[in-house]
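Have a look at protein.pdb; it's PDB, C-alpha atoms:
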```pdb
ATOM      1  CA  MET O  30     278.633 112.109  60.506
ATOM      2  CA  THR O  31     278.336 115.750  59.389
ATOM      3  CA  ASP O  32     280.054 118.623  61.163
ATOM      4  CA  GLU O  33     276.660 119.854  62.394
ATOM      5  CA  ARG O  34     275.829 116.469  63.940
ATOM      6  CA  MET O  35     279.287 116.230  65.531
ATOM      7  CA  VAL O  36     278.952 119.731  66.994
ATOM      8  CA  GLU O  37     275.516 119.012  68.423
ATOM      9  CA  GLY O  38     276.696 115.668  69.798
ATOM     10  CA  CYS O  39     279.763 117.269  71.381
ATOM     11  CA  ARG O  40     277.570 119.948  72.949
ATOM     12  CA  ARG O  41     275.608 117.096  74.579
ATOM     13  CA  ASN O  42     278.884 115.390  75.641
ATOM     14  CA  GLU O  43     278.182 112.331  73.507
ATOM     15  CA  PRO O  44     281.309 110.134  73.362
ATOM     16  CA  ALA O  45     280.555 108.928  69.810
ATOM     17  CA  ALA O  46     280.433 112.515  68.499
ATOM     18  CA  GLN O  47     283.599 113.467  70.392
ATOM     19  CA  LYS O  48     285.410 110.425  69.018
ATOM     20  CA  ALA O  49     284.258 111.192  65.459
ATOM     21  CA  LEU O  50     285.384 114.807  65.735
ATOM     22  CA  TYR O  51     288.750 113.770  67.187
ATOM     23  CA  GLN O  52     289.325 111.140  64.493
ATOM     24  CA  LEU O  53     288.427 113.592  61.747
ATOM     25  CA  TYR O  54     290.634 116.460  62.947
ATOM     26  CA  ALA O  55     293.405 115.019  65.172
ATOM     27  CA  ARG O  56     295.988 114.448  62.440
ATOM     28  CA  LYS O  57     295.587 117.909  60.925
ATOM     29  CA  MET O  58     295.630 119.539  64.370
ATOM     30  CA  MET O  59     298.750 117.605  65.339
ATOM     31  CA  ALA O  60     300.478 119.304  62.403
ATOM     32  CA  VAL O  61     299.382 122.673  63.825
ATOM     33  CA  CYS O  62     300.677 121.741  67.284
ATOM     34  CA  LEU O  63     304.010 120.525  65.895
ATOM     35  CA  ARG O  64     304.613 123.941  64.333
ATOM     36  CA  TYR O  65     304.645 125.497  67.805
ATOM     37  CA  ALA O  66     306.016 122.723  70.005
ATOM     38  CA  HIS O  67     309.635 122.074  70.943
ATOM     39  CA  SER O  68     309.133 118.326  70.695
ATOM     40  CA  ARG O  69     306.638 115.708  69.563
ATOM     41  CA  ASP O  70     305.751 114.996  73.195
ATOM     42  CA  GLN O  71     304.964 118.647  73.811
ATOM     43  CA  ALA O  72     302.859 118.719  70.630
ATOM     44  CA  LYS O  73     300.890 115.704  71.917
ATOM     45  CA  ASP O  74     300.266 117.529  75.208
ATOM     46  CA  ILE O  75     299.095 120.613  73.336
ATOM     47  CA  LEU O  76     296.841 118.487  71.125
ATOM     48  CA  GLN O  77     295.258 116.796  74.130
ATOM     49  CA  ASP O  78     294.740 120.085  75.985
ATOM     50  CA  GLY O  79     293.411 121.654  72.801
ATOM     51  CA  PHE O  80     290.777 118.981  72.276
ATOM     52  CA  VAL O  81     289.720 119.258  75.914
ATOM     53  CA  LYS O  82     289.155 122.985  75.269
ATOM     54  CA  VAL O  83     287.332 122.247  72.010
ATOM     55  CA  PHE O  84     284.920 119.917  73.810
ATOM     56  CA  GLN O  85     284.486 122.276  76.779
ATOM     57  CA  LYS O  86     283.892 125.335  74.606
ATOM     58  CA  MET O  87     281.859 123.804  71.791
ATOM     59  CA  ASP O  88     278.963 126.092  72.771
ATOM     60  CA  LEU O  89     281.110 129.016  71.585
ATOM     61  CA  TYR O  90     281.297 127.663  68.034
ATOM     62  CA  ARG O  91     278.679 129.669  66.106
ATOM     63  CA  GLY O  92     278.970 127.875  62.781
ATOM     64  CA  ASP O  93     279.747 131.031  60.792
ATOM     65  CA  GLY O  94     283.052 129.573  59.589
ATOM     66  CA  PRO O  95     284.506 126.120  59.006
ATOM     67  CA  LEU O  96     284.644 123.902  62.070
ATOM     68  CA  GLY O  97     288.244 122.938  61.228
ATOM     69  CA  GLY O  98     289.270 126.597  61.266
ATOM     70  CA  TRP O  99     287.702 127.126  64.682
ATOM     71  CA  ILE O 100     289.433 124.014  66.030
ATOM     72  CA  ALA O 101     292.776 125.124  64.534
ATOM     73  CA  ARG O 102     292.444 128.543  66.191
ATOM     74  CA  THR O 103     291.780 126.773  69.493
ATOM     75  CA  MET O 104     294.919 124.653  68.976
ATOM     76  CA  VAL O 105     297.020 127.736  68.219
ATOM     77  CA  ASN O 106     295.728 129.466  71.346
ATOM     78  CA  THR O 107     296.430 126.341  73.398
ATOM     79  CA  ALA O 108     299.963 126.171  71.989
ATOM     80  CA  LEU O 109     300.499 129.827  72.841
ATOM     81  CA  ASP O 110     299.296 129.188  76.404
ATOM     82  CA  HIS O 111     301.875 126.393  76.713
ATOM     83  CA  LEU O 112     304.629 128.561  75.289
ATOM     84  CA  ARG O 113     303.799 131.595  77.436
ATOM     85  CA  ARG O 114     304.655 129.495  80.453
ATOM     86  CA  ASN O 115     308.198 129.137  79.064
ATOM     87  CA  LYS O 116     308.495 132.797  78.026
ATOM     88  CA  PRO O 117     310.450 132.298  74.757
ATOM     89  CA  PHE O 118     310.060 135.972  73.892
ATOM     90  CA  ASP O 119     312.423 137.421  76.493
ATOM     91  CA  HIS O 120     315.358 137.492  74.074
ATOM     92  CA  SER O 121     313.955 139.949  71.578
ATOM     93  CA  ILE O 122     315.764 142.738  69.802
ATOM     94  CA  ASP O 123     314.780 146.230  68.853
ATOM     95  CA  LEU O 124     313.237 146.560  65.403
ATOM     96  CA  SER O 125     315.891 149.025  64.249
ATOM     97  CA  ASP O 126     318.555 146.339  64.876
ATOM     98  CA  ALA O 127     316.881 144.046  62.336
ATOM     99  CA  GLU O 128     315.998 146.439  59.516
ATOM    100  CA  HIS O 129     318.823 145.132  57.296
ATOM    101  CA  LEU O 130     317.243 141.650  57.126
ATOM    102  CA  HIS O 131     314.908 142.143  54.144
ATOM    103  CA  SER O 132     316.294 140.182  51.158
ATOM    104  CA  GLU O 133     314.373 137.222  49.709
ATOM    105  CA  ASP O 134     315.549 133.766  48.595
ATOM    106  CA  ALA O 135     312.359 132.755  46.800
ATOM    107  CA  HIS O 136     314.150 130.617  44.204
ATOM    108  CA  VAL O 137     315.652 128.411  46.925
ATOM    109  CA  VAL O 138     312.384 128.148  48.858
ATOM    110  CA  SER O 139     310.397 127.201  45.760
ATOM    111  CA  SER O 140     312.716 124.252  45.126
ATOM    112  CA  MET O 141     312.161 122.765  48.595
ATOM    113  CA  SER O 142     309.426 120.371  49.691
ATOM    114  CA  THR O 143     306.914 121.300  52.387
ATOM    115  CA  ASP O 144     308.521 118.782  54.737
ATOM    116  CA  GLU O 145     311.954 120.359  54.214
ATOM    117  CA  LEU O 146     310.581 123.830  54.890
ATOM    118  CA  MET O 147     308.701 122.695  57.993
ATOM    119  CA  SER O 148     311.835 121.001  59.272
ATOM    120  CA  LEU O 149     313.714 124.279  58.924
ATOM    121  CA  VAL O 150     310.918 126.193  60.673
ATOM    122  CA  GLN O 151     310.979 123.605  63.459
ATOM    123  CA  SER O 152     314.689 124.340  63.976
ATOM    124  CA  LEU O 153     314.033 128.019  64.754
ATOM    125  CA  PRO O 154     314.618 129.241  68.308
ATOM    126  CA  PRO O 155     311.303 129.181  70.233
ATOM    127  CA  GLY O 156     310.439 132.900  70.113
ATOM    128  CA  TYR O 157     311.248 133.165  66.426
ATOM    129  CA  LYS O 158     309.321 129.988  65.589
ATOM    130  CA  VAL O 159     306.129 131.107  67.317
ATOM    131  CA  VAL O 160     306.065 134.530  65.687
ATOM    132  CA  PHE O 161     307.019 133.101  62.281
ATOM    133  CA  ASN O 162     304.210 130.526  62.500
ATOM    134  CA  MET O 163     301.644 133.043  63.674
ATOM    135  CA  PHE O 164     302.511 135.625  61.012
ATOM    136  CA  ALA O 165     303.587 133.619  57.962
ATOM    137  CA  ILE O 166     301.486 130.488  58.386
ATOM    138  CA  GLU O 167     298.464 131.332  60.552
ATOM    139  CA  GLY O 168     297.997 134.846  59.124
ATOM    140  CA  PHE O 169     297.943 136.841  62.361
ATOM    141  CA  SER O 170     298.891 140.523  62.124
ATOM    142  CA  HIS O 171     301.821 141.788  64.202
ATOM    143  CA  GLU O 172     299.316 143.693  66.323
ATOM    144  CA  GLU O 173     297.377 140.466  67.029
ATOM    145  CA  ILE O 174     300.611 138.601  67.755
ATOM    146  CA  ALA O 175     301.689 141.308  70.183
ATOM    147  CA  ASP O 176     298.344 141.115  71.978
ATOM    148  CA  GLN O 177     298.408 137.309  72.133
ATOM    149  CA  LEU O 178     301.994 137.078  73.396
ATOM    150  CA  GLY O 179     302.063 140.134  75.638
ATOM    151  CA  VAL O 180     304.907 141.782  73.724
ATOM    152  CA  SER O 181     305.197 144.979  71.703
ATOM    153  CA  GLU O 182     304.320 145.080  68.025
ATOM    154  CA  ASN O 183     307.961 145.965  67.282
ATOM    155  CA  THR O 184     309.090 142.845  69.152
ATOM    156  CA  SER O 185     306.778 140.746  66.984
ATOM    157  CA  LYS O 186     308.162 142.352  63.826
ATOM    158  CA  SER O 187     311.762 141.943  64.927
ATOM    159  CA  GLN O 188     311.238 138.308  65.926
ATOM    160  CA  PHE O 189     309.732 137.648  62.482
ATOM    161  CA  MET O 190     312.629 139.346  60.694
ATOM    162  CA  LYS O 191     315.164 137.478  62.805
ATOM    163  CA  ALA O 192     313.354 134.214  62.020
ATOM    164  CA  ARG O 193     313.546 134.956  58.301
ATOM    165  CA  ALA O 194     317.246 135.796  58.594
ATOM    166  CA  TYR O 195     317.873 132.588  60.527
ATOM    167  CA  LEU O 196     316.014 130.554  57.884
ATOM    168  CA  ARG O 197     317.927 132.293  55.080
ATOM    169  CA  LYS O 198     321.211 131.239  56.668
ATOM    170  CA  LEU O 199     320.005 127.633  56.595
ATOM    171  CA  LEU O 200     318.437 127.662  53.132
ATOM    172  CA  PRO O 201     321.566 127.831  50.960
ATOM    173  CA  LYS O 202     323.170 124.924  52.859
ATOM    174  CA  GLU O 203     320.014 122.823  52.554
ATOM    175  CA  ALA O 204     319.512 123.661  48.883
ATOM    176  CA  ALA O 205     323.170 123.144  47.967
ATOM    177  CA  ALA O 206     323.552 119.808  49.765
ATOM    178  CA  PRO O 207     322.255 117.611  46.895
ATOM    179  CA  TYR O 208     324.557 119.331  44.391
ATOM    180  CA  VAL O 209     327.637 118.931  46.569
ATOM    181  CA  HIS O 210     326.803 115.245  47.031
ATOM    182  CA  ASP O 211     326.387 114.765  43.242
ATOM    183  CA  GLU O 212     329.772 116.393  42.507
ATOM    184  CA  GLN O 213     331.555 114.160  45.000
ATOM    185  CA  GLU O 214     330.142 111.019  43.377
ATOM    186  CA  GLY O 215     331.232 112.024  39.878
TER     187      GLY O 215
END
```

So that I can check it, write out the structure of this file as structure tokens.
Amino acid sequence: MTDERMVEGCRRNEPAAQKALYQLYARKMMAVCLRYAHSRDQAKDILQDGFVKVFQKMDLYRGDGPLGGWIARTMVNTALDHLRRNKPFDHSIDLSDAEHLHSEDAHVVSSMSTDELMSLVQSLPPGYKVVFNMFAIEGFSHEEIADQLGVSENTSKSQFMKARAYLRKLLPKEAAAPYVHDEQEG
């Protein structure tokens, strides 16, 4: 079934079209939800709520971009709605307090697998994780993040810098672990 046929079927509330759309996109959208959720159960809740919104708002899809992109944006917005209820952004810092956090560890990051990196991102405190995902992975600007989360642009920037600093503290340990293990065996 093509995207166009699925969209039209979903607009008519046809169960076969809804099932086809879900089966085609659920796994990829679960990965999106996991990036924002605190747990797998929460990600499942976000996924379910997100698909309900997708089906309810299918008339808003204009077809001027990929269907998967529109669905992913809906999932991100649904995740943000869930997270706003928990207010993970209350513990922010002023941007000037985080200006020293600008060094890069690209060589360490490039040696890690995607799963290892995502595991590290998942370990971020909630406010840091959301802003990091929105900025570094989803491509939102700090202005858009601020609007979406109801925080200042400086708070978004500081949360992102703190997330990077937090990840940098974890990276050397993660990258060095295999080498320490090898030395102990020899």

(Q) Taking 5 positions as the minimum chain separation for residues in the same chain, which residues sit within 12 Å of Asp93 in chain O when counting only C-alpha atoms? Answer as a list in words. (A)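 Contacts, in chain order: Glu33, Gly98 and Trp99 of chain O.
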
Q. Between O:Thr184, O:Ser152, O:Ile166, O:Gln177, which is the closest to Leu196 in chain O once you count only C-alpha atoms?
A.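 Selected residue with least distance to Leu196 in chain O: O:Ser152.
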
Q) What separation in Å, quoted to one decimal, exists between CA of Tyr157 in chain O and CA of Ser68 in chain O? A) 15.6 Å

Q) Which polymer residues have any atom within 8 Å of an atom of Ala72 in chain O, counting only C-alpha atoms, with same-chain residues fewer than 4 positions away left out, as an NGL selection string? A) :O and (59 or 62-63 or 65-68 or 76)

**Q.** Selected residue, from O:Lys198, O:Arg41, O:His111, O:Arg102, that lies nearest to Leu149 in chain O when counting all atoms listed in the file
**A.**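 Closest to Leu149 in chain O of all the choices is O:Lys198.
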
**Q.** Cut-off 10 Å around (287.9, 125.4, 73.8) with all atoms listed in the file: residues as a list of chain:residue names
**A.**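 Residues satisfying the cut-off, written out: O:Asp78, O:Gly79, O:Phe80, O:Val81, O:Lys82, O:Val83, O:Phe84, O:Gln85, O:Lys86, O:Met87, O:Asp88, O:Leu89, O:Tyr90, O:Trp99, O:Ile100, O:Arg102, O:Thr103, O:Met104, O:Asn106, O:Thr107.
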
(Q) Could you list, as a PyMOL selection string, every residue matched by the PyMOL selection byres ((chain O and resi 31) around 12) in this structure? (A) chain O and resi 30+32-38+46+49-50+53+96

Expected file contents, prior selection, C-alpha atoms, as a PDB file, in the frame of the given file:
```pdb
ATOM      1  CA  MET O  30     278.633 112.109  60.506  1.00  0.00           C
ATOM      2  CA  ASP O  32     280.054 118.623  61.163  1.00  0.00           C
ATOM      3  CA  GLU O  33     276.660 119.854  62.394  1.00  0.00           C
ATOM      4  CA  ARG O  34     275.829 116.469  63.940  1.00  0.00           C
ATOM      5  CA  MET O  35     279.287 116.230  65.531  1.00  0.00           C
ATOM      6  CA  VAL O  36     278.952 119.731  66.994  1.00  0.00           C
ATOM      7  CA  GLU O  37     275.516 119.012  68.423  1.00  0.00           C
ATOM      8  CA  GLY O  38     276.696 115.668  69.798  1.00  0.00           C
ATOM      9  CA  ALA O  46     280.433 112.515  68.499  1.00  0.00           C
ATOM     10  CA  ALA O  49     284.258 111.192  65.459  1.00  0.00           C
ATOM     11  CA  LEU O  50     285.384 114.807  65.735  1.00  0.00           C
ATOM     12  CA  LEU O  53     288.427 113.592  61.747  1.00  0.00           C
ATOM     13  CA  LEU O  96     284.644 123.902  62.070  1.00  0.00           C
TER      14      LEU O  96
END
```

Q: Measuring atom to atom with all atoms listed in the file, identify which of O:Leu153, O:Gln47, O:Leu109, O:Leu200 is nearest to Asp176 in chain O.
A: O:Leu109

(Q) Using all atoms listed in the file, can you tell me which of O:Gln71, O:Gly179, O:Phe189, O:Arg64 comes closest to Gln151 in chain O? (A)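 With all atoms listed in the file as the atom set, the closest residue is O:Arg64.
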
Q: For CA of Asn42 in chain O and CA of Val61 in chain O, determine how far apart the two atoms are, in Å to one decimal place.
A: 24.8 Å

**Q.** Two-atom distance - CA of Asp74 in chain O, CA of Ala55 in chain O (Å)
**A.**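 Result for CA of Asp74 in chain O versus CA of Ala55 in chain O: 12.4 Å, one decimal.
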
Q | Which residue of O:Val105, O:Cys39, O:Ile75, O:Ala192 approaches Ile174 in chain O most closely, using only C-alpha atoms | A | O:Val105

Q. Which is closer to Arg113 in chain O than all the others in O:Ser187, O:Val180, O:Tyr51, O:Gly168, using all atoms listed in the file?
A. O:Val180

If the box runs along x, y and z of the file and leaves 6 Å on each side of range 100-113 of chain O, what are its centre and edge lengths in Å, one decimal, as AutoDock Vina command-line options?
```
--center_x 297.0 --center_y 127.8 --center_z 71.0 --size_x 27.2 --size_y 19.6 --size_z 24.9
```
